[in-house]
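Structure file entry-v3.txt; described as compact mmCIF, C-alpha atoms.
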# COMPACT_ATOMS: atom_id res chain seq x y z
CA ASP A 231 115.27 76.26 115.20
CA ALA A 232 112.97 76.81 118.13
CA GLY A 233 111.73 73.53 119.56
CA ILE A 234 108.01 73.69 118.81
CA THR A 235 105.97 70.66 117.87
CA GLN A 236 102.35 70.68 116.81
CA SER A 237 100.16 67.60 116.71
CA PRO A 238 98.38 66.37 114.78
CA ARG A 239 99.75 67.97 111.63
CA HIS A 240 96.70 66.99 109.61
CA LYS A 241 93.23 66.08 110.73
CA VAL A 242 89.90 65.52 109.02
CA THR A 243 86.85 65.39 111.22
CA GLU A 244 83.11 65.76 111.03
CA THR A 245 80.89 68.59 112.17
CA GLY A 246 79.97 68.34 115.82
CA THR A 247 82.94 66.30 116.96
CA PRO A 248 85.44 67.56 119.53
CA VAL A 249 89.00 68.25 118.39
CA THR A 250 92.13 69.01 120.39
CA LEU A 251 95.33 70.37 118.92
CA ARG A 252 98.51 70.22 120.92
CA CYS A 253 101.49 72.54 120.96
CA HIS A 254 104.63 71.42 122.74
CA GLN A 255 107.74 73.56 123.26
CA THR A 256 111.17 72.77 124.61
CA GLU A 257 112.32 76.41 124.91
CA ASN A 258 110.78 77.17 128.30
CA HIS A 259 109.24 80.33 126.86
CA ARG A 260 106.59 82.08 128.90
CA TYR A 261 104.17 83.05 126.15
CA MET A 262 102.30 80.68 123.85
CA TYR A 263 99.79 81.44 121.14
CA TRP A 264 97.27 79.86 118.83
CA TYR A 265 96.57 81.51 115.50
CA ARG A 266 94.45 80.47 112.58
CA GLN A 267 95.31 81.30 109.00
CA ASP A 268 92.70 81.66 106.29
CA PRO A 269 92.94 83.12 102.79
CA GLY A 270 92.24 86.84 102.83
CA HIS A 271 92.50 87.10 106.62
CA GLY A 272 96.15 86.60 107.35
CA LEU A 273 96.81 85.26 110.83
CA ARG A 274 94.20 85.85 113.50
CA LEU A 275 94.87 85.33 117.17
CA ILE A 276 92.56 82.81 118.84
CA HIS A 277 93.92 82.61 122.40
CA TYR A 278 97.22 83.14 124.07
CA SER A 279 98.86 82.22 127.35
CA TYR A 280 101.15 84.33 129.50
CA GLY A 281 101.97 81.59 131.99
CA VAL A 282 100.80 78.28 133.39
CA LYS A 283 97.03 78.45 133.85
CA ASP A 284 97.03 82.07 132.61
CA THR A 285 95.25 82.56 129.30
CA ASP A 286 93.40 85.31 127.48
CA LYS A 287 91.18 85.67 124.46
CA GLY A 288 92.35 86.85 121.10
CA GLU A 289 90.52 88.24 118.07
CA VAL A 290 88.52 85.12 117.15
CA SER A 291 88.06 83.09 120.34
CA ASP A 292 84.40 82.05 119.95
CA GLY A 293 84.09 78.27 119.63
CA TYR A 294 87.58 77.64 121.02
CA SER A 295 88.97 76.93 124.45
CA VAL A 296 92.55 76.51 125.63
CA SER A 297 94.44 75.06 128.54
CA ARG A 298 97.98 75.30 129.79
CA SER A 299 98.74 73.06 132.74
CA LYS A 300 102.50 72.95 132.08
CA THR A 301 104.94 75.48 130.69
CA GLU A 302 105.69 73.29 127.69
CA ASP A 303 102.16 72.42 126.54
CA PHE A 304 99.33 74.58 125.19
CA LEU A 305 96.17 72.82 124.05
CA LEU A 306 93.53 74.22 121.73
CA THR A 307 90.10 72.57 121.88
CA LEU A 308 87.16 72.84 119.55
CA GLU A 309 84.31 71.50 121.67
CA SER A 310 82.03 70.94 118.68
CA ALA A 311 83.78 71.53 115.38
CA THR A 312 82.04 73.44 112.60
CA SER A 313 82.93 73.82 108.93
CA SER A 314 83.89 77.45 109.55
CA GLN A 315 86.74 76.17 111.72
CA THR A 316 88.40 74.50 108.75
CA SER A 317 91.74 76.24 108.69
CA VAL A 318 95.46 75.99 109.23
CA TYR A 319 96.32 76.46 112.89
CA PHE A 320 99.70 77.76 114.00
CA CYS A 321 101.16 77.65 117.44
CA ALA A 322 103.79 80.21 118.38
CA ILE A 323 105.95 81.02 121.38
CA SER A 324 107.78 84.08 122.63
CA GLU A 325 109.65 85.32 125.66
CA ARG A 326 109.79 88.61 127.47
CA LEU A 327 111.69 91.39 125.80
CA GLY A 328 115.21 91.71 127.09
CA LEU A 329 115.18 88.50 129.09
CA ALA A 330 118.48 86.70 128.74
CA GLY A 331 118.20 83.38 126.97
CA ALA A 332 120.22 80.66 125.31
CA ARG A 333 120.41 82.71 122.11
CA GLY A 334 121.13 86.04 123.80
CA SER A 335 118.71 88.75 124.83
CA ASN A 336 115.14 87.98 123.84
CA THR A 337 113.53 90.34 121.35
CA GLY A 338 109.94 89.28 121.94
CA GLU A 339 109.66 87.83 118.45
CA LEU A 340 107.40 84.91 117.77
CA PHE A 341 108.67 81.47 116.81
CA PHE A 342 106.17 79.32 114.99
CA GLY A 343 105.37 75.65 114.78
CA GLU A 344 104.86 73.92 111.45
CA GLY A 345 101.09 74.26 111.49
CA SER A 346 98.14 71.89 111.78
CA ARG A 347 95.73 71.61 108.89
CA LEU A 348 92.20 70.91 110.10
CA THR A 349 89.33 70.04 107.80
CA VAL A 350 85.81 69.87 109.21
CA LEU A 351 83.35 68.13 106.89
CA GLU B 100 91.28 97.35 119.85
CA LEU B 101 94.46 97.15 117.83
CA LYS B 102 94.04 97.00 114.06
CA VAL B 103 96.91 96.31 111.68
CA GLU B 104 96.61 97.03 107.97
CA GLN B 105 99.03 96.14 105.23
CA ASN B 106 99.11 97.33 101.67
CA PRO B 107 99.25 96.30 99.04
CA LEU B 108 97.70 92.89 99.56
CA PHE B 109 99.17 91.60 96.32
CA LEU B 110 102.29 92.77 94.54
CA SER B 111 103.62 91.52 91.25
CA MET B 112 106.90 93.08 90.23
CA GLN B 113 109.71 92.58 87.77
CA GLU B 114 113.12 91.47 88.86
CA GLY B 115 115.44 94.39 89.46
CA LYS B 116 112.69 96.79 90.53
CA ASN B 117 112.20 98.50 93.86
CA TYR B 118 109.02 98.58 95.91
CA THR B 119 107.70 99.27 99.40
CA ILE B 120 105.18 97.42 101.53
CA TYR B 121 103.36 99.45 104.17
CA CYS B 122 102.11 98.42 107.58
CA ASN B 123 99.83 100.78 109.51
CA TYR B 124 98.53 100.14 113.01
CA SER B 125 95.90 101.84 115.09
CA THR B 126 97.20 102.13 118.67
CA THR B 127 100.41 103.09 120.38
CA SER B 128 103.13 100.50 120.11
CA ASP B 129 106.89 100.59 119.74
CA ARG B 130 107.36 96.92 118.90
CA LEU B 131 106.84 95.72 115.38
CA TYR B 132 107.94 92.53 113.68
CA TRP B 133 108.15 91.38 110.07
CA TYR B 134 107.77 87.76 109.02
CA ARG B 135 108.07 85.84 105.80
CA GLN B 136 106.00 82.85 104.77
CA ASP B 137 106.66 80.61 101.79
CA PRO B 138 103.70 78.69 100.30
CA GLY B 139 102.68 75.76 102.49
CA LYS B 140 105.27 76.62 105.11
CA SER B 141 105.39 78.22 108.50
CA LEU B 142 106.43 81.79 109.28
CA GLU B 143 109.98 82.86 109.88
CA SER B 144 111.16 86.04 111.53
CA LEU B 145 112.72 88.70 109.32
CA PHE B 146 113.07 91.88 111.34
CA VAL B 147 112.54 93.09 114.87
CA LEU B 148 111.89 96.82 115.31
CA LEU B 149 111.79 97.96 118.92
CA SER B 150 111.95 101.75 118.88
CA ASN B 151 110.97 104.81 116.92
CA GLY B 152 113.30 105.34 113.99
CA ALA B 153 114.59 101.76 114.05
CA VAL B 154 115.95 100.57 110.73
CA LYS B 155 117.08 97.04 109.96
CA GLN B 156 118.53 95.69 106.72
CA GLU B 157 119.16 92.20 105.45
CA GLY B 158 120.23 91.74 101.88
CA ARG B 159 117.69 93.38 99.57
CA LEU B 160 115.18 94.03 102.34
CA MET B 161 115.09 97.00 104.67
CA ALA B 162 112.51 97.63 107.38
CA SER B 163 111.85 100.83 109.30
CA LEU B 164 109.54 101.98 112.06
CA ASP B 165 107.91 105.35 112.72
CA THR B 166 105.97 105.01 115.95
CA LYS B 167 104.58 108.54 115.78
CA ALA B 168 102.99 107.85 112.41
CA ARG B 169 102.18 104.27 113.49
CA LEU B 170 103.77 103.09 110.29
CA SER B 171 106.37 100.55 109.29
CA THR B 172 107.74 99.99 105.82
CA LEU B 173 109.44 97.03 104.21
CA HIS B 174 111.48 98.20 101.25
CA ILE B 175 112.61 95.83 98.54
CA THR B 176 115.62 96.82 96.48
CA ALA B 177 116.37 95.25 93.09
CA ALA B 178 113.95 92.37 93.62
CA VAL B 179 114.94 88.82 92.76
CA HIS B 180 112.73 85.76 92.27
CA ASP B 181 113.79 84.26 95.62
CA LEU B 182 111.99 87.07 97.42
CA SER B 183 108.62 85.76 96.22
CA ALA B 184 106.66 84.98 99.40
CA THR B 185 104.00 86.42 101.65
CA TYR B 186 105.17 89.07 104.10
CA PHE B 187 103.43 89.86 107.35
CA CYS B 188 103.87 92.58 109.90
CA ALA B 189 102.84 92.01 113.50
CA VAL B 190 102.39 94.53 116.29
CA ASP B 191 102.45 94.03 120.03
CA ALA B 192 99.30 95.56 121.51
CA SER B 193 100.80 98.13 123.91
CA GLY B 194 103.36 95.84 125.47
CA THR B 195 100.91 93.08 126.32
CA TYR B 196 102.71 90.40 124.26
CA LYS B 197 99.44 90.00 122.39
CA TYR B 198 100.60 90.09 118.79
CA ILE B 199 98.19 91.16 116.06
CA PHE B 200 99.07 90.49 112.44
CA GLY B 201 98.34 92.36 109.27
CA THR B 202 96.59 90.50 106.46
CA GLY B 203 99.84 89.95 104.63
CA THR B 204 101.31 91.04 101.30
CA ARG B 205 101.72 88.37 98.71
CA LEU B 206 104.76 89.24 96.64
CA LYS B 207 105.51 87.67 93.29
CA VAL B 208 108.73 88.59 91.54
CA LEU B 209 108.69 87.88 87.85
CA ALA B 210 111.87 86.86 86.07

Would you give me this structure, written as structure tokens?
Amino acid sequence: DAGITQSPRHKVTETGTPVTLRCHQTENHRYMYWYRQDPGHGLRLIHYSYGVKDTDKGEVSDGYSVSRSKTEDFLLTLESATSSQTSVYFCAISERLGLAGARGSNTGELFFGEGSRLTVL
Amino acid sequence: ELKVEQNPLFLSMQEGKNYTIYCNYSTTSDRLYWYRQDPGKSLESLFVLLSNGAVKQEGRLMASLDTKARLSTLHITAAVHDLSATYFCAVDASGTYKYIFGTGTRLKVLA
């Protein structure tokens, strides 16, 4: 399994408080992603990173910020959590297509963490 | 902006039957991925389709890609209960490594 760790795995917080979710990888993959999953919406991309300090917005980036100061860590921050941000958050990683890796040539597929369930009351 | 649509959203089928899940996308891309998710779990990769006409098979599942039609299919042959899960397709937005997912197809196979 790809070495991806999300923390915390579960969190309950109150409206207006800041929240940071952490994604840590041991695969040295270039690309990292944050998705949220909600019933009826599938997975929606929040932000992604294509290298250290290089990030871009996804489909639903409002209310979220990210940072990547090291290859292995990608942080997702909710500056002031709202009830609409109650969700399951998944981190994922990928590598460039065709790049040789420990498991052979990379196919660009995503590898996912176990998810972080956030409840905002 | 890339849009990815899956249908059906829900599928209830009897064991032993065949069915197809469709994934349509709105912009040019030749990289499409299928994932499976069991309830309360994370997503795992099923198929990687990297060119027009690509076909991959694993057990009772077969995936194909038609980049000209912007369509991928996931065909289920002689369904069994263990295939009950939610299936997602994901498309790379024009080689940017920005992956957009469909809304998923929740499959329930009845014994």

Can you build me a table of chain A residues sitting at most 6 Å from chain B, with the closest atom pair per residue and its distance in Å to one decimal, using all atoms listed in the file, sorted by chain and residue number, as a tab-separated table?
residue	atom	partner	partner_atom	distance
A:His271	CA	B:Thr202	CA	5.3
A:Gly272	CA	B:Thr202	CA	4.0
A:Leu273	CA	B:Phe200	CA	5.9
A:Glu344	CA	B:Ser141	CA	5.2

Protein and nucleic acid residues near (98.3, 98.1, 106.1) (cut-off 6 Å, only C-alpha atoms) as a ChimeraX atom specification: /B:104-106,121-123

Near-Lys167 of chain B list (10 Å; all atoms listed in the file; drop same-chain fewer than 6 positions) as a ChimeraX atom specification: /B:127-129,151-152

Contact residues around His277 of chain A with all atoms listed in the file at 7 Å, ignoring same-chain residues under 4 positions, as a PyMOL selection string: chain A and resi 263-264+286-288+291

Interatomic distance, atom CA of Thr172 of chain B to atom CA of Pro138 of chain B (Å, one decimal): 22.4 Å

Contacts of Val249 of chain A at 10 Å (only C-alpha atoms; same-chain gap of 5+ positions) as a PyMOL selection string: chain A and resi 241-244+294+306-311+348+350

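Pairwise distance (atom CA of Glu325 of chain A, atom CA of Ser150 of chain B) equals 17.9 Å.
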
Spatial neighbours of Asn258 of chain A, 12 Å, all atoms listed in the file, chain gap at least 5 places, as a PyMOL selection string: chain A and resi 232-234+281-282+300-303+323-326+331-332

Atom CA of Leu170 of chain B to atom CA of Ala153 of chain B, distance in Å rounded to a single decimal: 11.5 Å

Which residues are near Thr235 of chain A? Cut-off 7 Å, all atoms listed in the file, ignore same chain within fewer than 4 positions. Put them as a PDB file with C-alpha atoms, in the coordinates of the input.
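The resulting around.pdb:
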ATOM      1  CA  CYS A 253     101.490  72.540 120.960  1.00  0.00           C
ATOM      2  CA  HIS A 254     104.630  71.420 122.740  1.00  0.00           C
ATOM      3  CA  GLN A 255     107.740  73.560 123.260  1.00  0.00           C
ATOM      4  CA  GLY A 343     105.370  75.650 114.780  1.00  0.00           C
TER       5      GLY A 343
END

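Using only C-alpha atoms for every distance, the candidate list B:Leu173, B:Leu164, B:Val190, B:Ala178 yields B:Ala178 as the residue closest to Gln113 of chain B.
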
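For the set A:Phe304, A:Phe320, A:Ser313, A:Ser295, the residue with the smallest atom-to-atom gap to Thr256 of chain A is A:Phe304, counting only C-alpha atoms.
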
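Among B:Leu160, B:Ala192, B:Ala184, B:Ala210, the residue with the shortest atom-to-atom distance to Gly115 of chain B, counting all atoms listed in the file, is B:Ala210.
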
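Counting only C-alpha atoms, the residue from A:Ser299, A:Gly328, A:Ser314, A:Tyr265 that sits nearest to Gly246 of chain A is A:Ser314.
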
Repaired coordinates for segment 158-174 of chain B (N, CA and C atoms) as a PDB file, in the frame of the given file:
ATOM      1  N   GLY B 158     120.219  91.961 103.321  1.00  0.00           N
ATOM      2  CA  GLY B 158     120.230  91.740 101.880  1.00  0.00           C
ATOM      3  C   GLY B 158     119.455  92.826 101.146  1.00  0.00           C
ATOM      4  N   ARG B 159     118.478  92.436 100.365  1.00  0.00           N
ATOM      5  CA  ARG B 159     117.690  93.380  99.570  1.00  0.00           C
ATOM      6  C   ARG B 159     116.474  93.927 100.296  1.00  0.00           C
ATOM      7  N   LEU B 160     116.319  93.578 101.552  1.00  0.00           N
ATOM      8  CA  LEU B 160     115.180  94.030 102.340  1.00  0.00           C
ATOM      9  C   LEU B 160     115.635  94.990 103.429  1.00  0.00           C
ATOM     10  N   MET B 161     114.829  96.047 103.606  1.00  0.00           N
ATOM     11  CA  MET B 161     115.090  97.000 104.670  1.00  0.00           C
ATOM     12  C   MET B 161     113.770  97.370 105.319  1.00  0.00           C
ATOM     13  N   ALA B 162     113.725  97.309 106.645  1.00  0.00           N
ATOM     14  CA  ALA B 162     112.510  97.630 107.380  1.00  0.00           C
ATOM     15  C   ALA B 162     112.769  98.828 108.271  1.00  0.00           C
ATOM     16  N   SER B 163     111.734  99.655 108.440  1.00  0.00           N
ATOM     17  CA  SER B 163     111.850 100.830 109.300  1.00  0.00           C
ATOM     18  C   SER B 163     110.571 100.999 110.095  1.00  0.00           C
ATOM     19  N   LEU B 164     110.684 101.772 111.187  1.00  0.00           N
ATOM     20  CA  LEU B 164     109.540 101.980 112.060  1.00  0.00           C
ATOM     21  C   LEU B 164     109.425 103.438 112.447  1.00  0.00           C
ATOM     22  N   ASP B 165     108.243 103.999 112.274  1.00  0.00           N
ATOM     23  CA  ASP B 165     107.910 105.350 112.720  1.00  0.00           C
ATOM     24  C   ASP B 165     106.740 105.212 113.668  1.00  0.00           C
ATOM     25  N   THR B 166     107.035 105.247 114.968  1.00  0.00           N
ATOM     26  CA  THR B 166     105.970 105.010 115.950  1.00  0.00           C
ATOM     27  C   THR B 166     105.001 106.190 116.040  1.00  0.00           C
ATOM     28  N   LYS B 167     105.478 107.370 115.707  1.00  0.00           N
ATOM     29  CA  LYS B 167     104.580 108.540 115.780  1.00  0.00           C
ATOM     30  C   LYS B 167     103.527 108.475 114.688  1.00  0.00           C
ATOM     31  N   ALA B 168     103.930 108.018 113.510  1.00  0.00           N
ATOM     32  CA  ALA B 168     102.990 107.850 112.410  1.00  0.00           C
ATOM     33  C   ALA B 168     102.284 106.506 112.463  1.00  0.00           C
ATOM     34  N   ARG B 169     102.719 105.636 113.380  1.00  0.00           N
ATOM     35  CA  ARG B 169     102.180 104.270 113.490  1.00  0.00           C
ATOM     36  C   ARG B 169     102.304 103.560 112.148  1.00  0.00           C
ATOM     37  N   LEU B 170     103.522 103.607 111.630  1.00  0.00           N
ATOM     38  CA  LEU B 170     103.770 103.090 110.290  1.00  0.00           C
ATOM     39  C   LEU B 170     105.114 102.385 110.245  1.00  0.00           C
ATOM     40  N   SER B 171     105.119 101.221 109.606  1.00  0.00           N
ATOM     41  CA  SER B 171     106.370 100.550 109.290  1.00  0.00           C
ATOM     42  C   SER B 171     106.396 100.274 107.803  1.00  0.00           C
ATOM     43  N   THR B 172     107.585 100.304 107.231  1.00  0.00           N
ATOM     44  CA  THR B 172     107.740  99.990 105.820  1.00  0.00           C
ATOM     45  C   THR B 172     108.747  98.866 105.640  1.00  0.00           C
ATOM     46  N   LEU B 173     108.511  98.078 104.621  1.00  0.00           N
ATOM     47  CA  LEU B 173     109.440  97.030 104.210  1.00  0.00           C
ATOM     48  C   LEU B 173     109.811  97.335 102.772  1.00  0.00           C
ATOM     49  N   HIS B 174     111.046  97.766 102.574  1.00  0.00           N
ATOM     50  CA  HIS B 174     111.480  98.200 101.250  1.00  0.00           C
ATOM     51  C   HIS B 174     112.287  97.085 100.575  1.00  0.00           C
TER      52      HIS B 174
END
